[in-house]
>>> print(open('my_file08.txt').read())   # compact mmCIF, C-alpha atoms
# COMPACT_ATOMS: atom_id res chain seq x y z
CA MET K 73 102.09 38.70 123.76
CA THR K 74 103.62 41.64 121.91
CA GLY K 75 101.86 44.20 119.72
CA PRO K 76 98.26 43.87 118.60
CA GLY K 77 97.05 40.31 118.49
CA GLY K 78 98.82 37.19 119.69
CA VAL K 79 98.36 34.30 122.09
CA LEU K 80 97.70 34.57 125.81
CA GLY K 81 97.38 31.90 128.48
CA LEU K 82 94.29 32.07 130.67
CA HIS K 83 95.03 30.83 134.17
CA ASP K 84 93.61 33.41 136.58
CA GLU K 85 91.71 36.69 136.77
CA SER K 86 94.80 38.75 135.92
CA ASP K 87 95.01 36.97 132.56
CA VAL K 88 91.38 37.87 131.89
CA VAL K 89 92.20 41.54 132.52
CA ILE K 90 95.20 41.36 130.16
CA ALA K 91 93.08 39.64 127.49
CA ARG K 92 90.53 42.44 127.70
CA LEU K 93 93.26 45.07 127.29
CA ARG K 94 94.83 43.29 124.30
CA VAL K 95 91.45 42.92 122.61
CA ARG K 96 90.87 46.65 123.04
CA GLU K 97 94.29 47.41 121.53
CA LEU K 98 93.71 45.35 118.41
CA ALA K 99 90.13 46.57 118.01
CA ALA K 100 91.38 50.17 118.05
CA HIS K 101 94.14 49.24 115.58
CA GLN K 102 91.48 47.73 113.28
CA GLY K 103 89.34 50.88 113.48
CA LEU K 104 86.43 49.55 115.51
CA SER K 105 84.38 52.23 117.25
CA LYS K 106 84.52 52.61 121.02
CA VAL K 107 81.10 50.95 121.28
CA GLU K 108 82.18 48.04 119.06
CA THR K 109 85.44 47.72 120.99
CA GLU K 110 83.72 47.60 124.38
CA ALA K 111 81.14 45.10 123.13
CA LEU K 112 83.90 42.77 121.97
CA ALA K 113 85.96 43.31 125.14
CA THR K 114 82.93 42.51 127.30
CA ALA K 115 82.16 39.32 125.35
CA VAL K 116 85.78 38.19 125.54
CA THR K 117 85.90 38.91 129.27
CA GLU K 118 82.85 36.72 129.86
CA ILE K 119 84.17 33.80 127.83
CA ALA K 120 87.71 34.06 129.23
CA ARG K 121 86.40 34.17 132.79
CA ASN K 122 84.30 31.06 132.08
CA VAL K 123 87.45 29.25 130.93
CA VAL K 124 89.30 30.16 134.13
CA VAL K 125 86.36 29.30 136.42
CA HIS K 126 84.87 26.22 134.75
CA ALA K 127 87.82 24.64 132.91
CA GLY K 128 90.72 25.64 135.14
CA GLY K 129 92.43 27.59 132.37
CA GLY K 130 93.06 27.66 128.67
CA SER K 131 94.30 29.98 125.97
CA LEU K 132 93.16 32.93 123.92
CA VAL K 133 94.24 33.92 120.41
CA ILE K 134 93.55 37.46 119.17
CA ALA K 135 93.88 38.16 115.45
CA ALA K 136 93.09 40.87 112.95
CA ALA K 137 90.42 39.92 110.43
CA ALA K 138 89.89 41.19 106.91
CA ASP K 139 87.29 40.46 104.27
CA GLY K 140 87.92 42.74 101.33
CA ALA K 141 87.78 46.27 102.71
CA ARG K 142 86.04 45.11 105.87
CA ARG K 143 88.20 44.98 109.03
CA GLY K 144 87.59 43.32 112.35
CA VAL K 145 88.91 41.16 115.15
CA VAL K 146 88.64 37.41 115.72
CA VAL K 147 89.22 36.00 119.19
CA THR K 148 89.45 32.25 119.76
CA VAL K 149 89.26 31.00 123.34
CA SER K 150 90.04 27.32 124.00
CA ASP K 151 90.25 25.04 126.99
CA THR K 152 90.72 21.35 127.71
CA GLY K 153 88.09 21.21 130.42
CA PRO K 154 85.06 18.95 130.73
CA GLY K 155 83.20 20.44 127.75
CA ILE K 156 79.57 21.49 127.58
CA ALA K 157 77.14 18.58 127.88
CA ASP K 158 74.25 20.27 126.06
CA LEU K 159 75.42 23.14 123.86
CA ALA K 160 71.90 24.02 122.67
CA LEU K 161 70.76 24.36 126.28
CA ALA K 162 73.85 26.40 127.18
CA MET K 163 72.89 28.92 124.47
CA ILE K 164 69.57 29.66 126.17
CA ASP K 165 69.40 32.73 128.42
CA GLY K 166 69.10 31.77 132.07
CA PHE K 167 70.68 28.32 131.80
CA SER K 168 73.62 27.85 134.16
CA THR K 169 75.57 24.90 135.45
CA GLY K 170 77.61 27.05 137.81
CA GLY K 171 74.90 28.91 139.71
CA GLY K 172 75.38 32.13 137.72
CA LEU K 173 72.86 34.18 135.79
CA GLY K 174 73.19 32.00 132.70
CA SER K 175 73.90 34.87 130.35
CA GLY K 176 77.52 33.95 129.42
CA LEU K 177 77.36 32.37 125.97
CA PRO K 178 74.09 33.91 124.80
CA GLY K 179 75.11 37.32 126.16
CA ALA K 180 78.49 37.14 124.44
CA GLY K 181 76.73 36.14 121.24
CA ARG K 182 74.61 39.29 121.31
CA LEU K 183 77.72 41.47 121.65
CA VAL K 184 79.59 40.16 118.60
CA ASP K 185 78.75 39.63 114.94
CA VAL K 186 79.62 35.93 114.90
CA LEU K 187 79.85 33.45 117.78
CA ALA K 188 80.89 29.87 117.09
CA VAL K 189 81.13 27.25 119.83
CA GLU K 190 82.60 23.76 119.55
CA SER K 191 82.51 21.39 122.51
CA THR K 192 83.66 17.83 122.97
CA LEU K 193 82.85 16.19 126.28
CA GLY K 194 86.00 15.47 128.21
CA ARG K 195 88.16 17.35 125.70
CA GLY K 196 87.16 20.98 126.05
CA VAL K 197 85.50 23.92 124.39
CA THR K 198 86.55 26.36 121.70
CA VAL K 199 84.67 29.64 121.34
CA THR K 200 85.35 31.94 118.40
CA LEU K 201 84.09 35.52 118.53
CA THR K 202 84.21 37.84 115.52
CA LYS K 203 83.48 41.56 115.59
CA TRP K 204 83.51 43.65 112.39
CA ARG K 205 84.03 47.39 112.09
CA THR K 206 80.87 49.13 111.02
CA ALA K 207 81.15 51.04 107.78
CA VAL K 208 81.88 54.69 108.45
CA ALA K 209 79.65 57.22 106.69
CA ARG K 210 81.61 59.34 104.21
>>> encode(input="my_file08.txt", output="structure tokens")
Amino acid sequence: MTGPGGVLGLHDESDVVIARLRVRELAAHQGLSKVETEALATAVTEIARNVVVHAGGGSLVIAAAADGARRGVVVTVSDTGPGIADLALAMIDGFSTGGGLGSGLPGAGRLVDVLAVESTLGRGVTVTLTKWRTAVAR
């Protein structure tokens, strides 16, 4: 991946670290505050780690977002793992299939402005996270 944004494979923990760094780079380029940047980086880290641990790997796409004057970052994380059997249940705090705290998806959702999850059993999961820059007081 070169410059802000791009595509990154997710195969092990080192890829998760690189994804976090690249998300920070693009968030800064888009003018997100340090707090907004860290919130997005934390959400992406959680989702990317889930892909490595539960699906055996996947990919991550980082892109600049614009809606009129509004600027932000969209991160799409995909895998071809087993999928999520009950997406509604997976979005509830405390639910875990892997023995963790069960705060992955719902926690990531609280850190970003938009969280979209698509899952097909036996075909994988795609999670899209969007974080917008807060308007700066003039």
>>> residues_around(input="my_file08.txt", residues="Leu183 in chain K", least_positions_apart="4", cutoff="10 Å", atoms="all atoms listed in the file", output="tab-separated table (two decimals) with C-alpha atoms, keeping the file's coordinate frame")
chain	number	residue	atom	x	y	z
K	108	GLU	CA	82.18	48.04	119.06
K	109	THR	CA	85.44	47.72	120.99
K	110	GLU	CA	83.72	47.60	124.38
K	111	ALA	CA	81.14	45.10	123.13
K	112	LEU	CA	83.90	42.77	121.97
K	113	ALA	CA	85.96	43.31	125.14
K	114	THR	CA	82.93	42.51	127.30
K	115	ALA	CA	82.16	39.32	125.35
K	116	VAL	CA	85.78	38.19	125.54
K	178	PRO	CA	74.09	33.91	124.80
K	179	GLY	CA	75.11	37.32	126.16
K	187	LEU	CA	79.85	33.45	117.78
K	201	LEU	CA	84.09	35.52	118.53
K	202	THR	CA	84.21	37.84	115.52
K	203	LYS	CA	83.48	41.56	115.59
>>> closest_residue(input="my_file08.txt", among="K:Val189, K:Ala99, K:Ala120, K:Ile134", to="Ala160 in chain K", atoms="all atoms listed in the file")
K:Val189
>>> atom_distance(input="my_file08.txt", atom1="CA of Gly130 in chain K", atom2="CA of Leu82 in chain K")
5.0 Å
>>> atom_distance(input="my_file08.txt", atom1="CA of Glu118 in chain K", atom2="CA of Val88 in chain K")
8.8 Å
>>> atom_distance(input="my_file08.txt", atom1="CA of Ser86 in chain K", atom2="CA of Thr152 in chain K")
19.7 Å
>>> closest_residue(input="my_file08.txt", among="K:Leu93, K:Leu80, K:Ala137, K:Val149", to="Gly196 in chain K", atoms="all atoms listed in the file")
K:Val149
>>> residues_near_point(input="my_file08.txt", point="(91.2, 31.0, 136.7)", cutoff="7 Å", atoms="only C-alpha atoms", output="list of chain:residue names")
K:Leu82, K:His83, K:Asp84, K:Glu85, K:Arg121, K:Val124, K:Val125, K:Gly128, K:Gly129
>>> closest_residue(input="my_file08.txt", among="K:Asp185, K:Leu177, K:Ser191, K:Glu97", to="Asp158 in chain K", atoms="only C-alpha atoms")
K:Ser191
>>> closest_residue(input="my_file08.txt", among="K:Thr192, K:Ser131, K:Thr206, K:Thr198", to="Gly155 in chain K", atoms="only C-alpha atoms")
K:Thr192
